[in-house]
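> Attaching a single structure in structure tokens format; questions to follow.
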Amino acid sequence: MPRDGNCGNHTSENEQRGDPEDDVPGSAHRSNGSRHFKKASGRRCYRRRLVLFRQFVDDDLGCASYLIGDEEAGEAVVVDPAYAIEPYLEEDERKGVRIVRVLETHTHADHLSGHGRLALEHGVAVSIHPLGEPEYPFEPVEDGQEVRFGSVTVRVLHTPGHRPEHCCYLVDSRLLTGDSLLVGDAARPDLAVDAREGAEGMYGSLQRLAGLPPETGVYPGHVAGSLCAAGISADPSSTIAAELATNRALAFPSEEEFVAAHASISAPRPPTVERVVALNRGPFRGAPPPLGELESFDGQVIDVRSPHEFAAGHLHGALNIAVAGPSLATKAGFLLDQEQPFAIHAASRDDAETAAGRLRAIGLLDIAGYLPQTATSERLEPIGIEELERLFAEDSVEILDVREKDERDGGYIPESRHIPYRLVAEFADELSNGRTVVTVCESGARAAVAASVLAAHGVPARPLLDAGIPDWQQRGHALTEFRRCGSG
């Protein structure tokens, strides 16, 4: 997503210094100098006195990282840095601080960390709990330890659950929770250990965090859009008091009930998890090579143009995941062969660079280059909702609902078939039965992806673009709702 880089550009010295009693997470911008909050397209900044505290959000993955600095001392740390470290360096230069340490809450499974780049390119020390068993040089942190830089003190809280090495970091009254307590939910416990074992650890960690002062700010490692939990709020921050009142993970009356609910994870497990963990645990990884231009490519192609452009003409076998749409990296992670190189077909170099950055963020690094202009001999035929209504009434169409199970449970087109977009390739032979296949989802984005996957496997699917299940219902069509046994 575009970022304007103007977060807090125009602040007076009084606003920078502020009044700590008025530093309430999530409050609006105030003009009295007590606190400054300003959103800048994925970045949010918080200042108290001369301490810089800034949140960076990867909107594509729903991951958050933090830059904390003492502007007088000229030193800063980054917590859970993304592989694209340029935004931190730009902010450092603007504020006259230097990153002296990386603090990792844990070995990440969903995104490639930037700690290797900061270490190799800028000599920054990296800290993580030793249970992470890193294969790179690191300075360990332990429960109760205090990390100091300038006038800032960061207290380490070991909070296992999501992973055995997981730690939270307490900076004054701000708690950086990583993948433990999130806003509205808790992180999934099944990505590193047995789900039950992870859930037991998570319950104890959540109880510990819930015992902090109610005014303590909660700044998570994930926001809405992440696969790390199902009930994450869109709010970028919260407080312990607010989470005690609203967070469903804190509402369980006993450990047994919490574990029973969290040990049975139904959310899809990204196939890139093991690869990303290995990259983040392994030797430092430096900057990627420049993205080169290709005249042709015989291999996997991800076409990041719009679904309409893709439908009008695309390469044989290309997969369509629009760079302008949500969760490009997550979708690509489910569909691309991680062991094979791939090329990017884009409408412009800027789009190709944006797509490449998002794909590298999940450890898909073997990018052969990008295709700016190429022969596009294949076509797709999208379907409009009026035509779909007619074919449905004639019983001459097979509707493929490519959403996830929990979405479908809320209501689906009668007699439609459910296959999530990430799995449709497995059913291509079965769907090659002569009936018109129409892919549908909530808004058209995943329908386009699924249709491109089927087309690559020889099934001429027709995606419903720019519309979805809610539009079908709004036109007066009844949906079927799934009811679980005993739900009434």
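Just remember, in the structure tokens the first chain shown is A, the second B, etc., residues are 1-based per chain, and ligands are 1-based in the order shown.
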Counting only C-alpha atoms, what is within 9 Å of stretch 145-147 of chain A, bar same-chain residues fewer than 5 positions away, as JSON, numbers by chain?

{"A": [152, 153, 154, 155, 156, 157]}

> Any chance you could tabulate, as a tab-separated table, the residues of stretch 57-148 of chain A at most 9 Å from stretch 166-172 of chain A with each one's nearest atom pair and distance in Å to one decimal, using only C-alpha atoms, in chain and rising number order?


```
residue	atom	partner	partner_atom	distance
A:Ile68	CA	A:Val171	CA	8.9
A:Val79	CA	A:Tyr169	CA	8.8
A:Leu103	CA	A:Tyr169	CA	8.6
A:Glu104	CA	A:Cys167	CA	8.0
A:Thr105	CA	A:Cys167	CA	4.9
A:His106	CA	A:His166	CA	4.7
A:Thr107	CA	A:His166	CA	7.9
A:Ile128	CA	A:Cys167	CA	8.2
A:His129	CA	A:His166	CA	7.2
A:Leu131	CA	A:His166	CA	8.5
A:Gly132	CA	A:His166	CA	8.1
A:Val141	CA	A:Cys167	CA	8.7
A:Glu142	CA	A:Cys167	CA	8.4
A:Asp143	CA	A:Cys167	CA	7.8
```

> Hey, which bits of stretch 197-298 of chain A sit within 9 Å of stretch 340-358 of chain A, and for each residue what's the closest pair of atoms and how far apart in Å (one decimal), counting only C-alpha atoms, rows by chain and increasing number, as a Markdown table?


```
| residue | atom | partner | partner_atom | distance |
| --- | --- | --- | --- | --- |
| A:Leu291 | CA | A:Glu353 | CA | 7.2 |
| A:Glu293 | CA | A:Arg349 | CA | 8.8 |
| A:Leu294 | CA | A:Ala343 | CA | 8.4 |
| A:Phe297 | CA | A:Ala343 | CA | 6.9 |
| A:Asp298 | CA | A:Phe342 | CA | 8.9 |
```

> Pull C-alpha atoms from the residues just selected and write them as a compact mmCIF listing (two decimals), in the first residue's frame.


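That gives us again.txt:
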```txt
# COMPACT_ATOMS: atom_id res chain seq x y z
CA LEU A 291 14.66 -7.20 -10.26
CA GLU A 293 13.53 -7.44 -17.02
CA LEU A 294 12.78 -10.59 -19.02
CA PHE A 297 10.20 -17.10 -19.31
CA ASP A 298 9.49 -20.83 -19.40
```

> Smallest atom-to-atom distance to A:Ser452: which of A:Leu380, A:Ala467, A:Val397, A:Leu388, using only C-alpha atoms?

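With only C-alpha atoms as the atom set, the closest residue is A:Leu380.
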
> I need the residues in stretch 177-424 of chain A that are alpha helix (DSSP H) according to DSSP; give them as JSON, numbers by chain.

{"A": [195, 196, 197, 198, 199, 200, 201, 202, 203, 204, 205, 206, 207, 208, 209, 210, 240, 241, 242, 243, 244, 245, 246, 255, 256, 257, 258, 259, 260, 261, 262, 273, 274, 275, 276, 277, 278, 279, 280, 281, 307, 308, 309, 310, 311, 312, 328, 329, 330, 331, 332, 333, 334, 335, 349, 350, 351, 352, 353, 354, 355, 356, 357, 358, 359, 360, 385, 386, 387, 388, 389, 390, 391, 392, 393, 405, 406, 407, 408, 409]}

> For the strand (DSSP E) assignment from backbone DSSP, which residues of stretch 80-271 of chain A qualify? Please present them as a ChimeraX atom specification.

/A:98-103,125-128,139-140,146-149,152-158,167-171,174-178,217-220,238-239

> Could you state the separation of atom CA of A:Leu67 and atom CA of A:Ser113 in Å, given to one decimal place?

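Atom CA of A:Ser113 lies 14.3 Å from atom CA of A:Leu67.
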
> Within 12 Å of A:Pro283, counting only C-alpha atoms, which residues show up once you throw out same-chain ones fewer than 6 positions away? Write them as a VMD selection string, please.

chain A and resid 113 115 to 117 119 to 120 133 to 138 277

> Just write the chosen residues, C-alpha atoms, as a tab-separated table (two decimals), in the first residue's frame.


```tsv
chain	number	residue	atom	x	y	z
A	113	SER	CA	12.77	-10.89	9.07
A	115	HIS	CA	17.42	-8.71	11.05
A	116	GLY	CA	19.93	-10.24	8.65
A	117	ARG	CA	19.99	-7.16	6.45
A	119	ALA	CA	23.21	-7.00	10.80
A	120	LEU	CA	25.08	-7.42	7.49
A	133	GLU	CA	18.03	-21.81	18.62
A	134	PRO	CA	19.22	-19.31	16.02
A	135	GLU	CA	22.07	-20.25	13.70
A	136	TYR	CA	23.32	-16.67	13.48
A	137	PRO	CA	25.33	-14.58	15.96
A	138	PHE	CA	22.94	-13.19	18.57
A	277	VAL	CA	11.19	-20.39	9.91
```

> Quick one: pull the distance between atom CA of A:Leu182 and atom CA of A:Ala84, Å, one decimal.

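Spanning atom CA of A:Leu182 to atom CA of A:Ala84 is a straight-line distance of 23.2 Å.
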
> Please provide the set of residues having any atom within 8 Å of A:Ala455, restricted to only C-alpha atoms, with same-chain residues fewer than 4 positions apart removed, written as an MDAnalysis selection string.

chainID A and resid 317 380 451 459:461

> Please measure the separation of atom CA of A:Gly211 and atom CA of A:Ala187, giving the value in Å to one decimal.

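Between atom CA of A:Gly211 and atom CA of A:Ala187 the gap is 18.3 Å.
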
> Which residues, written as a VMD selection string, have at least one atom at most 9 Å from A:Ala312, with only C-alpha atoms counted and residues fewer than 5 positions away on the same chain left out?

chain A and resid 307 376 378 to 381

> Please save C-alpha atoms of the selected residues as a PDB file, in the first residue's frame.


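And here is the file that came out, result_24.pdb:
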```pdb
ATOM      1  CA  PRO A 307      -8.451  -9.523 -13.225  1.00  0.00           C
ATOM      2  CA  THR A 376      -0.873 -13.072 -24.288  1.00  0.00           C
ATOM      3  CA  GLU A 378      -4.964 -17.059 -23.542  1.00  0.00           C
ATOM      4  CA  ARG A 379      -8.318 -15.525 -22.592  1.00  0.00           C
ATOM      5  CA  LEU A 380     -10.857 -15.835 -19.797  1.00  0.00           C
ATOM      6  CA  GLU A 381     -14.539 -15.014 -20.050  1.00  0.00           C
TER       7      GLU A 381
END
```

> A:Gly286, A:Gly369, A:Pro270, A:Gly69: which is nearest A:Arg422, counting only C-alpha atoms?

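Ranked by minimum distance to A:Arg422, first place goes to A:Pro270.
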
> With distances taken over only C-alpha atoms, which of A:Ala375, A:Val437, A:Ala251, A:Ala447 is nearest to A:Leu391?

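Nearest to A:Leu391: A:Val437.
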
> Using only C-alpha atoms, can you tell me which of A:Glu257, A:Asp179, A:Glu72, A:Glu165 comes closest to A:Glu200?

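When distances to A:Glu200 are compared using only C-alpha atoms, the smallest one comes from A:Glu257.
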